file run-v3.tsv (TSV, C-alpha atoms)
chain	number	residue	atom	x	y	z
A	1	MET	CA	21.03	-4.07	23.55
A	2	GLY	CA	22.84	-1.44	25.58
A	3	ALA	CA	22.16	2.25	25.77
A	4	GLN	CA	25.24	2.99	23.65
A	5	ASN	CA	23.44	1.68	20.55
A	6	THR	CA	21.46	3.98	18.28
A	7	VAL	CA	18.81	2.85	15.83
A	8	LEU	CA	17.96	5.48	13.26
A	9	VAL	CA	14.81	5.03	11.19
A	10	VAL	CA	14.37	7.14	8.06
A	11	GLY	CA	10.72	7.52	7.10
A	12	ALA	CA	7.86	8.20	9.51
A	13	GLY	CA	5.09	6.31	7.76
A	14	GLN	CA	3.45	3.10	8.94
A	15	SER	CA	6.60	0.97	8.71
A	16	GLY	CA	8.87	3.57	10.27
A	17	PHE	CA	6.51	4.12	13.19
A	18	GLN	CA	6.08	0.38	13.75
A	19	ALA	CA	9.84	-0.14	13.73
A	20	VAL	CA	10.50	2.30	16.57
A	21	ALA	CA	7.46	1.13	18.55
A	22	SER	CA	8.47	-2.52	18.18
A	23	LEU	CA	12.03	-1.81	19.28
A	24	ARG	CA	10.72	-0.49	22.59
A	25	ASP	CA	8.20	-3.33	22.85
A	26	LYS	CA	11.08	-5.79	22.53
A	27	GLY	CA	13.10	-4.12	25.27
A	28	PHE	CA	15.61	-2.15	23.24
A	29	ASP	CA	17.04	0.45	25.64
A	30	GLY	CA	19.35	2.34	23.31
A	31	ARG	CA	18.65	5.57	21.48
A	32	VAL	CA	15.78	5.45	18.97
A	33	VAL	CA	15.41	8.23	16.40
A	34	LEU	CA	12.64	8.54	13.82
A	35	VAL	CA	13.23	10.98	10.96
A	36	GLY	CA	10.26	12.10	8.86
A	37	ASP	CA	9.73	14.61	6.06
A	38	GLU	CA	6.58	16.02	7.65
A	39	PRO	CA	6.31	17.75	11.03
A	40	GLY	CA	4.21	16.27	13.82
A	41	VAL	CA	3.52	12.70	14.84
A	42	PRO	CA	3.29	9.85	12.32
A	43	TYR	CA	-0.14	9.24	10.81
A	44	GLN	CA	-2.04	6.61	8.86
A	45	ARG	CA	-2.31	6.92	5.08
A	46	PRO	CA	-5.16	4.49	4.18
A	47	PRO	CA	-7.90	6.77	5.60
A	48	LEU	CA	-6.69	9.64	3.40
A	49	SER	CA	-8.54	8.17	0.41
A	50	LYS	CA	-11.49	7.03	2.52
A	51	ALA	CA	-12.87	8.46	5.78
A	52	TYR	CA	-10.56	11.47	5.99
A	53	LEU	CA	-11.31	12.49	2.41
A	54	ALA	CA	-15.03	12.08	3.05
A	55	GLY	CA	-14.81	14.16	6.23
A	56	THR	CA	-15.95	11.38	8.56
A	57	ALA	CA	-12.54	11.11	10.25
A	58	GLY	CA	-10.58	14.02	11.68
A	59	LEU	CA	-6.89	14.73	12.05
A	60	GLU	CA	-6.53	13.12	15.47
A	61	GLN	CA	-8.03	9.90	14.16
A	62	LEU	CA	-5.21	9.71	11.62
A	63	HIS	CA	-2.47	9.77	14.25
A	64	LEU	CA	-0.82	6.44	14.91
A	65	ARG	CA	-0.03	7.64	18.44
A	66	GLY	CA	-0.13	10.96	20.27
A	67	GLU	CA	2.89	12.99	21.29
A	68	ASP	CA	2.80	11.55	24.81
A	69	PHE	CA	3.51	8.06	23.43
A	70	PHE	CA	6.83	9.14	21.93
A	71	ALA	CA	7.80	10.98	25.11
A	72	GLU	CA	6.96	7.98	27.30
A	73	LYS	CA	8.85	5.57	25.03
A	74	ASP	CA	11.80	7.96	24.69
A	75	ILE	CA	11.56	8.00	20.91
A	76	GLU	CA	13.07	11.09	19.29
A	77	LEU	CA	11.06	12.58	16.42
A	78	VAL	CA	13.15	14.56	13.96
A	79	ALA	CA	11.46	16.57	11.20
A	80	GLY	CA	13.64	16.91	8.15
A	81	ARG	CA	14.66	15.37	4.86
A	82	VAL	CA	17.70	13.12	4.71
A	83	ALA	CA	20.07	14.18	1.95
A	84	ALA	CA	22.68	11.42	2.13
A	85	ILE	CA	23.89	8.32	3.93
A	86	ASP	CA	27.58	8.19	4.89
A	87	ARG	CA	28.12	4.46	5.35
A	88	GLU	CA	31.79	4.80	6.23
A	89	ALA	CA	31.04	7.21	9.08
A	90	SER	CA	27.72	5.49	9.97
A	91	LEU	CA	25.67	8.67	9.85
A	92	VAL	CA	23.05	10.43	7.77
A	93	ARG	CA	23.13	14.06	6.71
A	94	LEU	CA	19.95	16.10	6.58
A	95	GLU	CA	19.33	18.79	3.99
A	96	ASP	CA	19.68	21.48	6.67
A	97	GLY	CA	23.18	20.27	7.55
A	98	ARG	CA	22.41	18.27	10.68
A	99	GLU	CA	24.12	14.90	11.08
A	100	LEU	CA	22.74	11.88	12.92
A	101	ALA	CA	24.88	8.87	13.78
A	102	TYR	CA	23.60	5.30	13.84
A	103	ASP	CA	24.60	1.78	14.81
A	104	HIS	CA	21.65	0.39	12.84
A	105	LEU	CA	19.87	2.24	10.06
A	106	VAL	CA	16.37	1.30	8.90
A	107	LEU	CA	15.21	2.69	5.56
A	108	ALA	CA	11.43	3.08	5.61
A	109	THR	CA	11.34	5.69	2.86
A	110	GLY	CA	8.16	4.42	1.21
A	111	ALA	CA	7.23	5.47	-2.30
A	112	ARG	CA	6.29	8.54	-4.30
A	113	ASN	CA	3.43	8.96	-6.75
A	114	ARG	CA	4.05	8.42	-10.42
A	115	THR	CA	3.50	11.51	-12.49
A	116	LEU	CA	1.46	11.76	-15.67
A	117	PRO	CA	3.99	12.27	-18.50
A	118	VAL	CA	1.76	14.35	-20.76
A	119	PRO	CA	1.48	18.03	-21.68
A	120	GLY	CA	-0.49	20.02	-19.12
A	121	ALA	CA	0.22	17.69	-16.21
A	122	ASP	CA	1.52	20.66	-14.20
A	123	LEU	CA	-1.65	22.75	-14.57
A	124	PRO	CA	-3.41	23.94	-11.40
A	125	GLY	CA	-6.23	21.56	-10.55
A	126	VAL	CA	-4.16	18.45	-11.34
A	127	LEU	CA	-3.59	16.74	-7.99
A	128	THR	CA	-2.33	13.49	-6.48
A	129	LEU	CA	-3.05	11.77	-3.19
A	130	ARG	CA	-0.25	10.55	-0.96
A	131	THR	CA	0.04	12.81	2.09
A	132	ARG	CA	-2.30	14.53	4.53
A	133	ASP	CA	-1.65	17.84	2.76
A	134	ASP	CA	-2.66	16.20	-0.54
A	135	ALA	CA	-5.93	15.03	1.02
A	136	ASP	CA	-6.61	18.51	2.41
A	137	ARG	CA	-6.08	20.06	-1.01
A	138	LEU	CA	-8.37	17.51	-2.63
A	139	ARG	CA	-11.15	18.09	-0.10
A	140	GLU	CA	-10.95	21.83	-0.68
A	141	SER	CA	-10.90	21.39	-4.46
A	142	LEU	CA	-13.87	19.01	-4.40
A	143	ALA	CA	-15.97	21.68	-2.74
A	144	HIS	CA	-15.66	23.87	-5.85
A	145	ALA	CA	-15.18	21.40	-8.71
A	146	GLU	CA	-17.93	20.67	-11.23
A	147	ASN	CA	-16.25	18.02	-13.39
A	148	VAL	CA	-13.89	15.54	-11.72
A	149	VAL	CA	-11.74	13.06	-13.66
A	150	VAL	CA	-9.71	10.33	-12.00
A	151	VAL	CA	-6.81	8.98	-14.05
A	152	GLY	CA	-6.07	5.44	-12.90
A	153	GLY	CA	-8.33	2.56	-11.91
A	154	GLY	CA	-6.32	1.12	-9.02
A	155	PHE	CA	-7.09	1.13	-5.31
A	156	ILE	CA	-6.36	4.83	-4.70
A	157	GLY	CA	-8.25	6.13	-7.71
A	158	LEU	CA	-11.30	4.00	-7.00
A	159	GLU	CA	-11.29	4.77	-3.28
A	160	PHE	CA	-11.19	8.45	-4.11
A	161	ALA	CA	-14.13	8.00	-6.49
A	162	SER	CA	-16.06	6.14	-3.79
A	163	HIS	CA	-15.57	8.85	-1.18
A	164	ALA	CA	-15.66	11.97	-3.36
A	165	GLY	CA	-19.33	12.48	-2.59
A	166	ARG	CA	-20.27	13.03	-6.24
A	167	PRO	CA	-20.16	11.25	-9.62
A	168	VAL	CA	-16.72	11.25	-11.23
A	169	THR	CA	-15.21	9.87	-14.42
A	170	VAL	CA	-12.56	7.17	-14.03
A	171	VAL	CA	-10.13	6.73	-16.93
A	172	GLU	CA	-8.09	3.51	-17.00
A	173	ALA	CA	-5.55	2.69	-19.72
A	174	GLN	CA	-5.84	-1.08	-19.19
A	175	ASP	CA	-8.84	-3.11	-20.31
A	176	ARG	CA	-10.08	-3.56	-16.74
A	177	LEU	CA	-9.99	-1.90	-13.35
A	178	LEU	CA	-7.61	-3.14	-10.66
A	179	ASN	CA	-5.64	-4.84	-13.43
A	180	ARG	CA	-2.46	-5.23	-11.37
A	181	VAL	CA	-3.97	-6.35	-8.09
A	182	ALA	CA	-7.15	-8.35	-8.75
A	183	THR	CA	-8.63	-11.10	-10.91
A	184	PRO	CA	-10.90	-10.31	-13.88
A	185	GLU	CA	-13.91	-11.47	-11.83
A	186	ILE	CA	-13.19	-8.89	-9.13
A	187	SER	CA	-12.43	-6.22	-11.74
A	188	ALA	CA	-15.78	-6.76	-13.46
A	189	TYR	CA	-17.67	-6.65	-10.17
A	190	PHE	CA	-16.14	-3.35	-9.09
A	191	ALA	CA	-16.57	-1.77	-12.52
A	192	ALA	CA	-20.29	-2.56	-12.33
A	193	LEU	CA	-20.43	-1.33	-8.73
A	194	HIS	CA	-18.90	2.03	-9.62
A	195	ARG	CA	-21.17	2.47	-12.60
A	196	GLU	CA	-24.20	1.69	-10.44
A	197	ALA	CA	-22.99	4.39	-8.04
A	198	GLY	CA	-23.19	6.93	-10.87
A	199	HIS	CA	-19.54	7.04	-11.92
A	200	THR	CA	-18.44	6.86	-15.54
A	201	VAL	CA	-15.78	4.18	-16.10
A	202	LEU	CA	-13.74	4.38	-19.31
A	203	LEU	CA	-11.46	1.40	-19.98
A	204	GLY	CA	-8.66	1.00	-22.51
A	205	GLN	CA	-8.21	4.75	-22.74
A	206	GLY	CA	-4.94	6.53	-22.10
A	207	VAL	CA	-4.54	10.24	-21.40
A	208	THR	CA	-2.53	12.10	-24.02
A	209	ALA	CA	-2.82	15.68	-22.77
A	210	LEU	CA	-4.43	17.99	-20.24
A	211	HIS	CA	-5.71	21.33	-21.49
A	212	GLY	CA	-6.47	24.56	-19.71
A	213	ASP	CA	-5.52	28.16	-19.06
A	214	GLU	CA	-5.22	29.31	-15.46
A	215	ARG	CA	-6.24	25.76	-14.44
A	216	VAL	CA	-7.07	22.42	-16.05
A	217	ARG	CA	-10.22	22.43	-18.20
A	218	GLU	CA	-10.11	19.27	-20.30
A	219	VAL	CA	-8.62	15.76	-20.35
A	220	GLU	CA	-7.75	14.51	-23.83
A	221	LEU	CA	-7.94	10.74	-24.30
A	222	SER	CA	-6.07	8.49	-26.69
A	223	ASP	CA	-9.07	8.28	-29.05
A	224	GLY	CA	-9.24	12.08	-29.26
A	225	THR	CA	-12.17	12.52	-26.89
A	226	ARG	CA	-11.96	15.57	-24.63
A	227	LEU	CA	-13.55	15.31	-21.21
A	228	PRO	CA	-14.46	18.48	-19.29
A	229	ALA	CA	-12.50	18.63	-16.04
A	230	ASP	CA	-11.72	21.31	-13.50
A	231	LEU	CA	-10.23	18.75	-11.09
A	232	VAL	CA	-8.02	15.85	-12.21
A	233	VAL	CA	-6.82	13.27	-9.71
A	234	VAL	CA	-3.77	11.37	-10.95
A	235	ALA	CA	-3.59	7.88	-9.42
A	236	VAL	CA	-1.34	5.90	-11.75
A	237	GLY	CA	0.75	4.06	-9.19
A	238	VAL	CA	3.90	4.74	-7.21
A	239	VAL	CA	7.67	4.47	-7.49
A	240	PRO	CA	9.75	3.23	-4.54
A	241	GLU	CA	11.93	5.87	-2.88
A	242	THR	CA	15.39	4.41	-3.45
A	243	THR	CA	17.53	7.47	-4.15
A	244	LEU	CA	19.23	7.48	-0.75
A	245	ALA	CA	20.07	3.81	-0.99
A	246	ALA	CA	21.31	4.01	-4.57
A	247	GLU	CA	23.52	7.03	-3.88
A	248	ALA	CA	24.97	5.19	-0.88
A	249	GLY	CA	25.96	2.30	-3.14
A	250	LEU	CA	23.33	-0.18	-1.97
A	251	PRO	CA	21.79	-2.54	-4.55
A	252	VAL	CA	18.49	-1.26	-5.95
A	253	ASP	CA	16.10	-3.11	-8.26
A	254	ASN	CA	12.44	-2.07	-8.08
A	255	GLY	CA	13.16	-1.17	-4.49
A	256	VAL	CA	16.04	-1.52	-2.08
A	257	VAL	CA	17.25	-5.10	-2.38
A	258	VAL	CA	17.24	-6.98	0.94
A	259	ASP	CA	17.70	-10.56	2.10
A	260	ALA	CA	15.28	-12.80	4.00
A	261	HIS	CA	16.04	-10.83	7.17
A	262	LEU	CA	15.34	-7.52	5.34
A	263	ARG	CA	19.01	-6.57	5.57
A	264	THR	CA	20.75	-4.79	2.70
A	265	SER	CA	24.26	-5.61	1.47
A	266	ASP	CA	25.46	-3.43	4.38
A	267	GLU	CA	24.97	-5.38	7.60
A	268	LYS	CA	24.09	-2.19	9.50
A	269	ILE	CA	21.28	-1.16	7.14
A	270	PHE	CA	17.80	-2.63	6.72
A	271	ALA	CA	14.94	-1.65	4.39
A	272	ILE	CA	11.23	-2.22	5.02
A	273	GLY	CA	7.80	-1.40	3.66
A	274	ASP	CA	6.98	0.00	0.23
A	275	CYS	CA	10.63	0.69	-0.61
A	276	ALA	CA	11.94	-2.86	0.03
A	277	ASN	CA	12.36	-5.62	-2.56
A	278	PHE	CA	12.52	-8.85	-0.55
A	279	PRO	CA	12.42	-12.63	-1.19
A	280	CYS	CA	8.72	-13.38	-0.77
A	281	VAL	CA	7.96	-16.90	0.42
A	282	GLN	CA	4.46	-16.91	-1.04
A	283	ALA	CA	5.45	-15.55	-4.45
A	284	GLY	CA	8.64	-17.58	-4.64
A	285	ALA	CA	10.46	-14.55	-6.04
A	286	ALA	CA	11.80	-11.12	-5.16
A	287	THR	CA	8.78	-8.92	-4.49
A	288	ARG	CA	7.92	-5.39	-3.46
A	289	LEU	CA	4.58	-4.95	-1.71
A	290	GLU	CA	2.53	-1.85	-1.00
A	291	SER	CA	0.37	-2.68	2.01
A	292	VAL	CA	-0.06	-1.80	5.66
A	293	GLN	CA	0.27	-5.46	6.63
A	294	ASN	CA	3.63	-5.78	4.93
A	295	ALA	CA	4.88	-2.50	6.40
A	296	VAL	CA	3.90	-3.48	9.95
A	297	ASP	CA	5.13	-7.07	9.81
A	298	GLN	CA	8.46	-6.17	8.22
A	299	ALA	CA	9.02	-3.49	10.87
A	300	ARG	CA	8.42	-6.05	13.61
A	301	SER	CA	10.77	-8.47	11.90
A	302	VAL	CA	13.59	-5.92	11.77
A	303	ALA	CA	13.04	-4.96	15.40
A	304	ALA	CA	13.41	-8.63	16.30
A	305	ALA	CA	16.62	-8.90	14.29
A	306	ILE	CA	18.14	-5.81	15.92
A	307	THR	CA	17.25	-7.05	19.42
A	308	GLY	CA	18.84	-10.44	18.86
A	309	THR	CA	15.98	-12.74	17.78
A	310	PRO	CA	16.18	-12.74	13.98
A	311	GLU	CA	13.92	-14.94	11.86
A	312	PRO	CA	13.46	-14.95	8.08
A	313	TYR	CA	10.53	-12.78	7.05
A	314	ALA	CA	7.67	-15.01	5.92
A	315	SER	CA	4.46	-13.18	6.84
A	316	LEU	CA	1.43	-13.77	4.65
A	317	PRO	CA	0.62	-10.79	2.40
A	318	TRP	CA	-2.93	-9.51	2.70
A	319	PHE	CA	-4.70	-6.40	1.48
A	320	TRP	CA	-8.05	-4.63	1.65
A	321	THR	CA	-10.05	-1.82	0.11
A	322	ASP	CA	-13.46	-0.25	0.77
A	323	GLN	CA	-15.35	1.01	-2.28
A	324	SER	CA	-18.97	2.01	-2.81
A	325	GLY	CA	-20.23	-0.05	0.11
A	326	ALA	CA	-18.21	-3.18	-0.72
A	327	LYS	CA	-15.22	-4.47	1.20
A	328	LEU	CA	-12.61	-6.42	-0.75
A	329	GLN	CA	-10.07	-8.46	1.23
A	330	ILE	CA	-7.24	-10.35	-0.44
A	331	ALA	CA	-5.02	-13.04	1.08
A	332	GLY	CA	-2.00	-14.25	-0.85
A	333	ILE	CA	-0.22	-13.20	-4.06
A	334	LEU	CA	-2.07	-13.39	-7.39
A	335	ALA	CA	0.91	-13.40	-9.76
A	336	GLY	CA	0.82	-16.25	-12.25
A	337	ALA	CA	-2.68	-17.55	-11.58
A	338	ASP	CA	-3.88	-19.96	-14.28
A	339	ARG	CA	-7.31	-20.89	-12.89
A	340	THR	CA	-9.98	-19.20	-10.82
A	341	VAL	CA	-13.10	-20.47	-9.12
A	342	VAL	CA	-15.89	-18.28	-7.77
A	343	ALA	CA	-17.53	-19.33	-4.50
A	344	GLY	CA	-20.61	-17.58	-3.15
A	345	ASP	CA	-23.21	-15.26	-4.67
A	346	ARG	CA	-21.93	-12.57	-7.01
A	347	ASP	CA	-25.41	-11.16	-7.54
A	348	ALA	CA	-25.78	-10.63	-3.81
A	349	GLY	CA	-22.33	-9.07	-3.59
A	350	LYS	CA	-21.00	-11.75	-1.23
A	351	PHE	CA	-18.48	-14.04	-2.86
A	352	SER	CA	-14.86	-15.16	-2.95
A	353	VAL	CA	-12.56	-15.85	-5.88
A	354	LEU	CA	-10.03	-18.67	-5.42
A	355	SER	CA	-6.94	-18.40	-7.64
A	356	PHE	CA	-4.69	-21.35	-8.47
A	357	ARG	CA	-1.36	-21.86	-10.17
A	358	ASP	CA	-0.53	-25.46	-11.12
A	359	ASP	CA	-3.28	-26.69	-8.75
A	360	VAL	CA	-1.77	-24.77	-5.84
A	361	LEU	CA	-3.97	-22.16	-4.18
A	362	ILE	CA	-2.14	-18.84	-4.31
A	363	ALA	CA	-4.77	-16.25	-3.36
A	364	VAL	CA	-8.31	-15.78	-2.08
A	365	GLU	CA	-10.20	-12.55	-2.83
A	366	SER	CA	-13.31	-12.04	-0.71
A	367	VAL	CA	-16.05	-9.47	-1.28
A	368	ASN	CA	-18.16	-8.85	1.82
A	369	ARG	CA	-17.22	-12.30	3.16
A	370	PRO	CA	-14.84	-11.60	6.05
A	371	ALA	CA	-15.11	-15.16	7.40
A	372	ASP	CA	-13.67	-16.48	4.12
A	373	HIS	CA	-10.82	-14.02	4.35
A	374	ILE	CA	-9.90	-14.95	7.91
A	375	ALA	CA	-10.09	-18.66	7.13
A	376	ALA	CA	-7.91	-18.20	4.04
A	377	ARG	CA	-5.30	-16.35	6.07
A	378	ARG	CA	-5.23	-19.19	8.58
A	379	LEU	CA	-4.86	-21.70	5.80
A	380	PHE	CA	-1.97	-19.85	4.13
A	381	THR	CA	-0.26	-19.28	7.47
A	382	ALA	CA	-0.30	-23.02	8.12
A	383	ASP	CA	0.89	-23.81	4.59
A	384	PRO	CA	2.09	-21.08	2.18
A	385	HIS	CA	1.50	-23.39	-0.81
A	386	PRO	CA	-1.63	-25.50	-0.16
A	387	ARG	CA	-2.45	-28.01	-2.89
A	388	TYR	CA	-5.96	-28.85	-3.93
A	389	ALA	CA	-5.79	-32.24	-2.23
A	390	ASP	CA	-5.17	-30.57	1.12
A	391	LEU	CA	-7.85	-27.87	0.94
A	392	GLU	CA	-9.99	-28.86	3.89
A	393	VAL	CA	-10.21	-26.77	7.04
A	394	SER	CA	-13.12	-26.83	9.44
A	395	GLU	CA	-14.40	-23.25	9.09
A	396	PHE	CA	-13.68	-22.83	5.37
A	397	ASN	CA	-13.98	-26.05	3.38
A	398	LEU	CA	-12.46	-25.03	0.09
A	399	LYS	CA	-13.11	-28.42	-1.46
A	400	GLU	CA	-16.83	-27.96	-0.86
A	401	HIS	CA	-16.66	-24.44	-2.30
A	402	LEU	CA	-15.01	-25.83	-5.44
A	403	LYS	CA	-17.52	-28.67	-5.82
A	404	ALA	CA	-20.44	-26.27	-5.43
A	405	ALA	CA	-18.95	-23.87	-7.96
A	406	SER	CA	-18.34	-26.68	-10.43
A	407	THR	CA	-21.94	-27.89	-10.05
A	408	ARG	CA	-23.29	-24.43	-10.83
A	409	SER	CA	-21.06	-23.86	-13.87

call {"tool": "encode", "arguments": {"input": "run-v3.tsv", "output": "structure tokens"}}
result
Amino acid sequence: MGAQNTVLVVGAGQSGFQAVASLRDKGFDGRVVLVGDEPGVPYQRPPLSKAYLAGTAGLEQLHLRGEDFFAEKDIELVAGRVAAIDREASLVRLEDGRELAYDHLVLATGARNRTLPVPGADLPGVLTLRTRDDADRLRESLAHAENVVVVGGGFIGLEFASHAGRPVTVVEAQDRLLNRVATPEISAYFAALHREAGHTVLLGQGVTALHGDERVREVELSDGTRLPADLVVVAVGVVPETTLAAEAGLPVDNGVVVDAHLRTSDEKIFAIGDCANFPCVQAGAATRLESVQNAVDQARSVAAAITGTPEPYASLPWFWTDQSGAKLQIAGILAGADRTVVAGDRDAGKFSVLSFRDDVLIAVESVNRPADHIAARRLFTADPHPRYADLEVSEFNLKEHLKAASTRS
């Protein structure tokens, strides 16, 4: 790629950073521009609900790279919000009037937090967690709060509870925690873990209103119960940032629609990370994933396509979370599972859950068993759809796990 080419990446999160870094790693010698909403260098988001929130990691430990990296790699960092894409002119317009031209445009716009659609949701003391500034506000608020309520029992809400440094109340509208991302076995284990840590976990309860005066004071639940609260953390999921793409006339459906090479309907424009809806090999359907792994691997895939070595995106999805001393690692996609088998010792907090659909292994969830997780990733990488008859690998004999589990049950 010659120096006359410009790659413009919109969104300076994990996927945006990886895209510009991978372009240089692959020898791209054109202009590389990374546009982000926040000033400063790109930073990691996962620690915001873990070590950074708890105060065991500082600001510098969040940075993906220091300023010298971007100078050495000749990567331009532009702070500003993109207002529109002009596809005909191949440029983007920023809200302050600046215009930036591109030969290739990569949308890495991520997602925004869902809001709580109830009265009182705008009261002071009602906070979310997505950015570094959000984490700073939460840390400051925690220092003065007496009653903390977390609305939402997904990864972010439970990670916050784990690292808040005090007992909190978790309110989840579904009948189990981690309903969207984990099996019932994993949900039950983490519910018990959080309760043992001193947290109150309320399931099957929606929030109908927040009450207060100069700040939030109570959370009203669907059964009429009112919980005292001077800090409410709303963690009810995210919505992909697709406004730019939609206004530019690109197809949008639970994310920016892309093909197997992560390219939109416009051959000059790609979409990656949390905002992209792509054909997932493992799921066998269009899928949008919210994970660091997906963000990084899709960024590398697009960099390869731009530099002339395109391959269909087929990386294995995997996820992790740290909560109350337990590490959960997930390999694969759980959607549509019709059978699960538990391998290991649940009472000891070291076990894996194998999920099947039509006798095909689709996911392995491992609690405090990293060797199982690594072996499962190797297995899925070799064969995205392993059948029961083929489940034998030297370091992780799934057949033996299944036989042992069947014997115990």

call {"tool": "atom_distance", "arguments": {"input": "run-v3.tsv", "atom1": "atom CA of A:Leu227", "atom2": "atom CA of A:His194"}}
result
18.4 Å

call {"tool": "closest_residue", "arguments": {"input": "run-v3.tsv", "among": "A:Arg176, A:Pro370, A:Val258, A:Phe356", "to": "A:Leu391", "atoms": "only C-alpha atoms"}}
result
A:Phe356

call {"tool": "residues_near_point", "arguments": {"input": "run-v3.tsv", "point": "(15.5, 6.4, 17.9)", "cutoff": "8 Å", "atoms": "all atoms listed in the file", "output": "ChimeraX atom specification"}}
result
/A:6-9,20,30-34,74-77

call {"tool": "write_last_selection", "arguments": {"input": "run-v3.tsv", "atoms": "C-alpha atoms", "output": "PDB file, keeping the file's coordinate frame"}}
result
ATOM      1  CA  THR A   6      21.460   3.980  18.280  1.00  0.00           C
ATOM      2  CA  VAL A   7      18.810   2.850  15.830  1.00  0.00           C
ATOM      3  CA  LEU A   8      17.960   5.480  13.260  1.00  0.00           C
ATOM      4  CA  VAL A   9      14.810   5.030  11.190  1.00  0.00           C
ATOM      5  CA  VAL A  20      10.500   2.300  16.570  1.00  0.00           C
ATOM      6  CA  GLY A  30      19.350   2.340  23.310  1.00  0.00           C
ATOM      7  CA  ARG A  31      18.650   5.570  21.480  1.00  0.00           C
ATOM      8  CA  VAL A  32      15.780   5.450  18.970  1.00  0.00           C
ATOM      9  CA  VAL A  33      15.410   8.230  16.400  1.00  0.00           C
ATOM     10  CA  LEU A  34      12.640   8.540  13.820  1.00  0.00           C
ATOM     11  CA  ASP A  74      11.800   7.960  24.690  1.00  0.00           C
ATOM     12  CA  ILE A  75      11.560   8.000  20.910  1.00  0.00           C
ATOM     13  CA  GLU A  76      13.070  11.090  19.290  1.00  0.00           C
ATOM     14  CA  LEU A  77      11.060  12.580  16.420  1.00  0.00           C
TER      15      LEU A  77
END

call {"tool": "closest_atom_pairs", "arguments": {"input": "run-v3.tsv", "of": "stretch 242-302 of chain A", "to": "stretch 311-319 of chain A", "cutoff": "10 Å", "atoms": "only C-alpha atoms", "output": "JSON lines"}}
result
{"residue": "A:Asp259", "atom": "CA", "partner": "A:Pro312", "partner_atom": "CA", "distance": 8.5}
{"residue": "A:Ala260", "atom": "CA", "partner": "A:Pro312", "partner_atom": "CA", "distance": 5.0}
{"residue": "A:His261", "atom": "CA", "partner": "A:Pro312", "partner_atom": "CA", "distance": 4.9}
{"residue": "A:Leu262", "atom": "CA", "partner": "A:Tyr313", "partner_atom": "CA", "distance": 7.3}
{"residue": "A:Phe278", "atom": "CA", "partner": "A:Tyr313", "partner_atom": "CA", "distance": 8.8}
{"residue": "A:Pro279", "atom": "CA", "partner": "A:Tyr313", "partner_atom": "CA", "distance": 8.5}
{"residue": "A:Cys280", "atom": "CA", "partner": "A:Ala314", "partner_atom": "CA", "distance": 7.0}
{"residue": "A:Val281", "atom": "CA", "partner": "A:Ala314", "partner_atom": "CA", "distance": 5.8}
{"residue": "A:Gln282", "atom": "CA", "partner": "A:Leu316", "partner_atom": "CA", "distance": 7.2}
{"residue": "A:Ala283", "atom": "CA", "partner": "A:Pro317", "partner_atom": "CA", "distance": 9.6}
{"residue": "A:Leu289", "atom": "CA", "partner": "A:Pro317", "partner_atom": "CA", "distance": 8.2}
{"residue": "A:Glu290", "atom": "CA", "partner": "A:Phe319", "partner_atom": "CA", "distance": 8.9}
{"residue": "A:Ser291", "atom": "CA", "partner": "A:Phe319", "partner_atom": "CA", "distance": 6.3}
{"residue": "A:Val292", "atom": "CA", "partner": "A:Phe319", "partner_atom": "CA", "distance": 7.8}
{"residue": "A:Gln293", "atom": "CA", "partner": "A:Trp318", "partner_atom": "CA", "distance": 6.5}
{"residue": "A:Asn294", "atom": "CA", "partner": "A:Pro317", "partner_atom": "CA", "distance": 6.4}
{"residue": "A:Asp297", "atom": "CA", "partner": "A:Ser315", "partner_atom": "CA", "distance": 6.8}
{"residue": "A:Gln298", "atom": "CA", "partner": "A:Tyr313", "partner_atom": "CA", "distance": 7.0}
{"residue": "A:Arg300", "atom": "CA", "partner": "A:Tyr313", "partner_atom": "CA", "distance": 9.6}
{"residue": "A:Ser301", "atom": "CA", "partner": "A:Tyr313", "partner_atom": "CA", "distance": 6.5}
{"residue": "A:Val302", "atom": "CA", "partner": "A:Tyr313", "partner_atom": "CA", "distance": 8.9}

call {"tool": "residues_around", "arguments": {"input": "run-v3.tsv", "residues": "A:Asp86", "least_positions_apart": "5", "cutoff": "10 Å", "atoms": "only C-alpha atoms", "output": "PyMOL selection string"}}
result
chain A and resi 91-93+99+101+247-248

call {"tool": "closest_residue", "arguments": {"input": "run-v3.tsv", "among": "A:Leu64, A:Val232, A:Val35, A:Ala143", "to": "A:Arg98", "atoms": "only C-alpha atoms"}}
result
A:Val35

call {"tool": "atom_distance", "arguments": {"input": "run-v3.tsv", "atom1": "atom CA of A:Ala337", "atom2": "atom CA of A:Ile362"}}
result
7.4 Å

call {"tool": "closest_residue", "arguments": {"input": "run-v3.tsv", "among": "A:Val126, A:Ala326, A:Ala182, A:Ile272", "to": "A:Pro240", "atoms": "all atoms listed in the file"}}
result
A:Ile272

call {"tool": "residues_near_point", "arguments": {"input": "run-v3.tsv", "point": "(-2.7, -22.8, 1.4)", "cutoff": "10 Å", "atoms": "only C-alpha atoms", "output": "PyMOL selection string"}}
result
chain A and resi 282+332+360-364+376-388+390-392

call {"tool": "closest_residue", "arguments": {"input": "run-v3.tsv", "among": "A:Pro47, A:Gly308, A:Gly58, A:Gly344", "to": "A:His163", "atoms": "only C-alpha atoms"}}
result
A:Pro47

call {"tool": "residues_around", "arguments": {"input": "run-v3.tsv", "residues": "A:Gly249", "least_positions_apart": "5", "cutoff": "12 Å", "atoms": "all atoms listed in the file", "output": "PyMOL selection string"}}
result
chain A and resi 84-88+242-244+256-257+264-266+269
